Amino acid sequence: MIGIIDYGAGNLRSLQNALTHLHHESMLCEHPNHVAMADRLILPGVGAFPDCMKQLQAQHLADAIQNAVNHQIPLLGICLGMQVLFESGTEGESCAGLGLLKGKIVRMEDNQVKIPHIGWNDLIETKADPMLNGLHHPYVYFVHSYFAQDYDENDLVAISTYGSLSIPAAFRKGHIWACQFHPEKSGEDGLRLLQNFLHTESEGRRG
């Protein structure tokens, strides 16, 4: 069962519809016991970094996510859900993240283009990775004003470009997957990435 972390922000229907299209059942995880039932987790994101973290903590979901990752449950973070996987964010106020990936989230700055970055962009592979299996010159959909910096280069899988900015677009660290873009809104390329995640090997909750 695919668990979608539900912290009360945003419409999760498009993600649920994408998973249904791929013939995978999903459930919304509003409580830690729901998270414990899932064999894969997706953390979507709409809103601001500090608000997301406060709500995850208020619902005791932050610890549940940490526990699941410690038990080798695959986790995919999408957009803001990707950003809170990092150590900290600076949106509105300095705020600690989940700390599952090295790095911080900062505001994008480029006077030549509009911020937020909204629209379709090429995804440029930085290294061969199972995350991008079967994808050739993928084109994906972004909506964001902040991006990751000071990250571990070994975790970076793909970038995109916007104006003068190099946007870290996809990361993988073991069973932790992260996308700055929205795979559920990125057509066939996004569905293929989701399919890759859904078929990644899991060690379950052993040990």
# chains A, B, ... in the order shown; residues from 1 in each chain; ligands from 1
$ closest_atom_pairs --of "region 77-138 of chain A" --to "region 37-59 of chain A" --cutoff "7 Å" --atoms "only C-alpha atoms" --output "tab-separated table"
residue	atom	partner	partner_atom	distance
A:Gly77	CA	A:Leu43	CA	4.7
A:Ile78	CA	A:Pro44	CA	4.7
A:Cys79	CA	A:Gly45	CA	5.6
A:Leu80	CA	A:Gly45	CA	4.2
A:Gly81	CA	A:Gly45	CA	4.3
A:Val84	CA	A:Phe49	CA	6.5
A:Gly89	CA	A:Phe49	CA	6.5
A:Glu91	CA	A:Phe49	CA	6.1
A:Cys95	CA	A:Pro50	CA	5.9
A:Gly97	CA	A:Met53	CA	6.7
$ residues_around --residues "Val106 (chain A)" --least-positions-apart "3" --cutoff "8 Å" --atoms "only C-alpha atoms" --output "list in words"
Gly89, Thr90, Glu91, Tyr146, Phe147, Ala148 and Gln149 of chain A
$ write_last_selection --atoms "N, CA, C and O atoms" --output "compact mmCIF listing (two decimals), in the first residue's frame"
# COMPACT_ATOMS: atom_id res chain seq x y z
N GLY A 89 15.29 25.34 6.09
CA GLY A 89 14.73 26.21 5.07
C GLY A 89 14.70 27.63 5.57
O GLY A 89 14.72 27.88 6.78
N THR A 90 14.65 28.59 4.65
CA THR A 90 14.69 30.01 5.01
C THR A 90 13.45 30.74 4.52
O THR A 90 13.49 31.97 4.38
N GLU A 91 12.37 30.03 4.27
CA GLU A 91 11.16 30.67 3.76
C GLU A 91 10.40 31.36 4.89
O GLU A 91 9.79 30.71 5.73
N TYR A 146 11.70 28.49 -4.20
CA TYR A 146 12.87 28.14 -3.39
C TYR A 146 13.52 26.89 -3.98
O TYR A 146 12.85 26.10 -4.66
N PHE A 147 14.81 26.71 -3.70
CA PHE A 147 15.48 25.52 -4.19
C PHE A 147 16.60 25.12 -3.24
O PHE A 147 16.97 25.86 -2.33
N ALA A 148 17.11 23.91 -3.44
CA ALA A 148 18.12 23.34 -2.55
C ALA A 148 19.51 23.86 -2.90
O ALA A 148 19.86 24.03 -4.08
N GLN A 149 20.30 24.13 -1.86
CA GLN A 149 21.70 24.53 -2.01
C GLN A 149 22.52 23.84 -0.92
O GLN A 149 21.98 23.33 0.06
$ atom_distance --atom1 "CA of Ala96 (chain A)" --atom2 "CA of Thr161 (chain A)"
26.8 Å
$ residues_around --residues "His136 (chain A)" --least-positions-apart "3" --cutoff "9 Å" --atoms "only C-alpha atoms" --output "list of chain:residue names"
A:Leu132, A:Asn133, A:Asp189
$ select_by_dssp --residues "region 86-193 of chain A" --states "alpha helix (DSSP H)" --output "VMD selection string"
chain A and resid 187 to 193
$ write_last_selection --atoms "N, CA and C atoms" --output "PDB file, in the first residue's frame"
ATOM      1  N   GLY A 187       2.869  14.459 -17.111  1.00  0.00           N
ATOM      2  CA  GLY A 187       2.555  13.572 -18.229  1.00  0.00           C
ATOM      3  C   GLY A 187       3.210  12.211 -18.121  1.00  0.00           C
ATOM      4  N   GLU A 188       3.531  11.640 -19.277  1.00  0.00           N
ATOM      5  CA  GLU A 188       4.084  10.287 -19.322  1.00  0.00           C
ATOM      6  C   GLU A 188       5.450  10.200 -18.654  1.00  0.00           C
ATOM      7  N   ASP A 189       6.253  11.257 -18.767  1.00  0.00           N
ATOM      8  CA  ASP A 189       7.567  11.234 -18.118  1.00  0.00           C
ATOM      9  C   ASP A 189       7.418  11.157 -16.599  1.00  0.00           C
ATOM     10  N   GLY A 190       6.490  11.933 -16.060  1.00  0.00           N
ATOM     11  CA  GLY A 190       6.263  11.896 -14.628  1.00  0.00           C
ATOM     12  C   GLY A 190       5.720  10.557 -14.165  1.00  0.00           C
ATOM     13  N   LEU A 191       4.823   9.973 -14.957  1.00  0.00           N
ATOM     14  CA  LEU A 191       4.267   8.663 -14.613  1.00  0.00           C
ATOM     15  C   LEU A 191       5.363   7.608 -14.616  1.00  0.00           C
ATOM     16  N   ARG A 192       6.301   7.713 -15.554  1.00  0.00           N
ATOM     17  CA  ARG A 192       7.390   6.733 -15.608  1.00  0.00           C
ATOM     18  C   ARG A 192       8.268   6.848 -14.364  1.00  0.00           C
ATOM     19  N   LEU A 193       8.548   8.065 -13.918  1.00  0.00           N
ATOM     20  CA  LEU A 193       9.343   8.224 -12.702  1.00  0.00           C
ATOM     21  C   LEU A 193       8.607   7.650 -11.492  1.00  0.00           C
TER      22      LEU A 193
END
$ closest_residue --among "A:Asn33, A:Asn121, A:Asn111, A:Ser164" --to "Ile65 (chain A)" --atoms "only C-alpha atoms"
A:Asn33
$ closest_residue --among "A:Leu156, A:Ala128, A:Cys179, A:Ile115" --to "Val140 (chain A)" --atoms "only C-alpha atoms"
A:Cys179
$ atom_distance --atom1 "CA of Leu15 (chain A)" --atom2 "CA of Ala158 (chain A)"
21.4 Å
$ select_by_dssp --residues "region 7-206 of chain A" --states "strand (DSSP E or B)" --output "number ranges by chain"
A: 26-29, 40-43, 75-78, 86-89, 95-96, 101-107, 117-122, 124-125, 139-144, 146-149, 156-162, 165-173, 176-179
$ residues_around --residues "region 16-26 of chain A" --least-positions-apart "6" --cutoff "7 Å" --atoms "only C-alpha atoms" --output "list of chain:residue names"
A:Met1, A:Ile2, A:Gly3, A:Ile4, A:Glu184, A:Leu191
$ write_last_selection --atoms "all heavy atoms" --output "PDB file, in the first residue's frame"
ATOM      1  N   MET A   1       0.842  -1.200   0.000  1.00  0.00           N
ATOM      2  CA  MET A   1       0.000   0.000   0.000  1.00  0.00           C
ATOM      3  C   MET A   1       0.875   1.247   0.000  1.00  0.00           C
ATOM      4  O   MET A   1       1.829   1.347   0.749  1.00  0.00           O
ATOM      5  CB  MET A   1      -0.905  -0.004   1.229  1.00  0.00           C
ATOM      6  CG  MET A   1      -1.781   1.234   1.367  1.00  0.00           C
ATOM      7  SD  MET A   1      -3.055   1.397   0.099  1.00  0.00           S
ATOM      8  CE  MET A   1      -4.173   0.091   0.622  1.00  0.00           C
ATOM      9  N   ILE A   2       0.534   2.210  -0.876  1.00  0.00           N
ATOM     10  CA  ILE A   2       1.264   3.471  -0.957  1.00  0.00           C
ATOM     11  C   ILE A   2       0.616   4.465   0.002  1.00  0.00           C
ATOM     12  O   ILE A   2      -0.583   4.734  -0.079  1.00  0.00           O
ATOM     13  CB  ILE A   2       1.230   4.058  -2.377  1.00  0.00           C
ATOM     14  CG1 ILE A   2       1.598   2.987  -3.412  1.00  0.00           C
ATOM     15  CG2 ILE A   2       2.168   5.270  -2.468  1.00  0.00           C
ATOM     16  CD1 ILE A   2       2.912   2.330  -3.209  1.00  0.00           C
ATOM     17  N   GLY A   3       1.399   4.991   0.928  1.00  0.00           N
ATOM     18  CA  GLY A   3       0.898   5.980   1.867  1.00  0.00           C
ATOM     19  C   GLY A   3       1.240   7.385   1.410  1.00  0.00           C
ATOM     20  O   GLY A   3       2.406   7.693   1.156  1.00  0.00           O
ATOM     21  N   ILE A   4       0.226   8.238   1.281  1.00  0.00           N
ATOM     22  CA  ILE A   4       0.421   9.644   0.926  1.00  0.00           C
ATOM     23  C   ILE A   4       0.289  10.460   2.203  1.00  0.00           C
ATOM     24  O   ILE A   4      -0.771  10.468   2.845  1.00  0.00           O
ATOM     25  CB  ILE A   4      -0.616  10.113  -0.110  1.00  0.00           C
ATOM     26  CG1 ILE A   4      -0.524   9.266  -1.390  1.00  0.00           C
ATOM     27  CG2 ILE A   4      -0.410  11.590  -0.434  1.00  0.00           C
ATOM     28  CD1 ILE A   4      -1.631   9.551  -2.392  1.00  0.00           C
ATOM     29  N   GLU A 184       3.470  13.888 -10.813  1.00  0.00           N
ATOM     30  CA  GLU A 184       2.062  13.566 -11.038  1.00  0.00           C
ATOM     31  C   GLU A 184       1.387  14.526 -12.014  1.00  0.00           C
ATOM     32  O   GLU A 184       0.262  14.265 -12.481  1.00  0.00           O
ATOM     33  CB  GLU A 184       1.308  13.538  -9.699  1.00  0.00           C
ATOM     34  CG  GLU A 184       0.941  14.886  -9.118  1.00  0.00           C
ATOM     35  CD  GLU A 184       2.080  15.609  -8.411  1.00  0.00           C
ATOM     36  OE1 GLU A 184       3.246  15.178  -8.504  1.00  0.00           O
ATOM     37  OE2 GLU A 184       1.780  16.632  -7.754  1.00  0.00           O
ATOM     38  N   LEU A 191       4.823   9.973 -14.957  1.00  0.00           N
ATOM     39  CA  LEU A 191       4.267   8.663 -14.613  1.00  0.00           C
ATOM     40  C   LEU A 191       5.363   7.608 -14.616  1.00  0.00           C
ATOM     41  O   LEU A 191       5.369   6.711 -13.761  1.00  0.00           O
ATOM     42  CB  LEU A 191       3.156   8.284 -15.587  1.00  0.00           C
ATOM     43  CG  LEU A 191       1.848   9.069 -15.469  1.00  0.00           C
ATOM     44  CD1 LEU A 191       0.892   8.664 -16.585  1.00  0.00           C
ATOM     45  CD2 LEU A 191       1.191   8.836 -14.106  1.00  0.00           C
TER      46      LEU A 191
END
$ atom_distance --atom1 "CA of Ile5 (chain A)" --atom2 "CA of Asp155 (chain A)"
22.8 Å
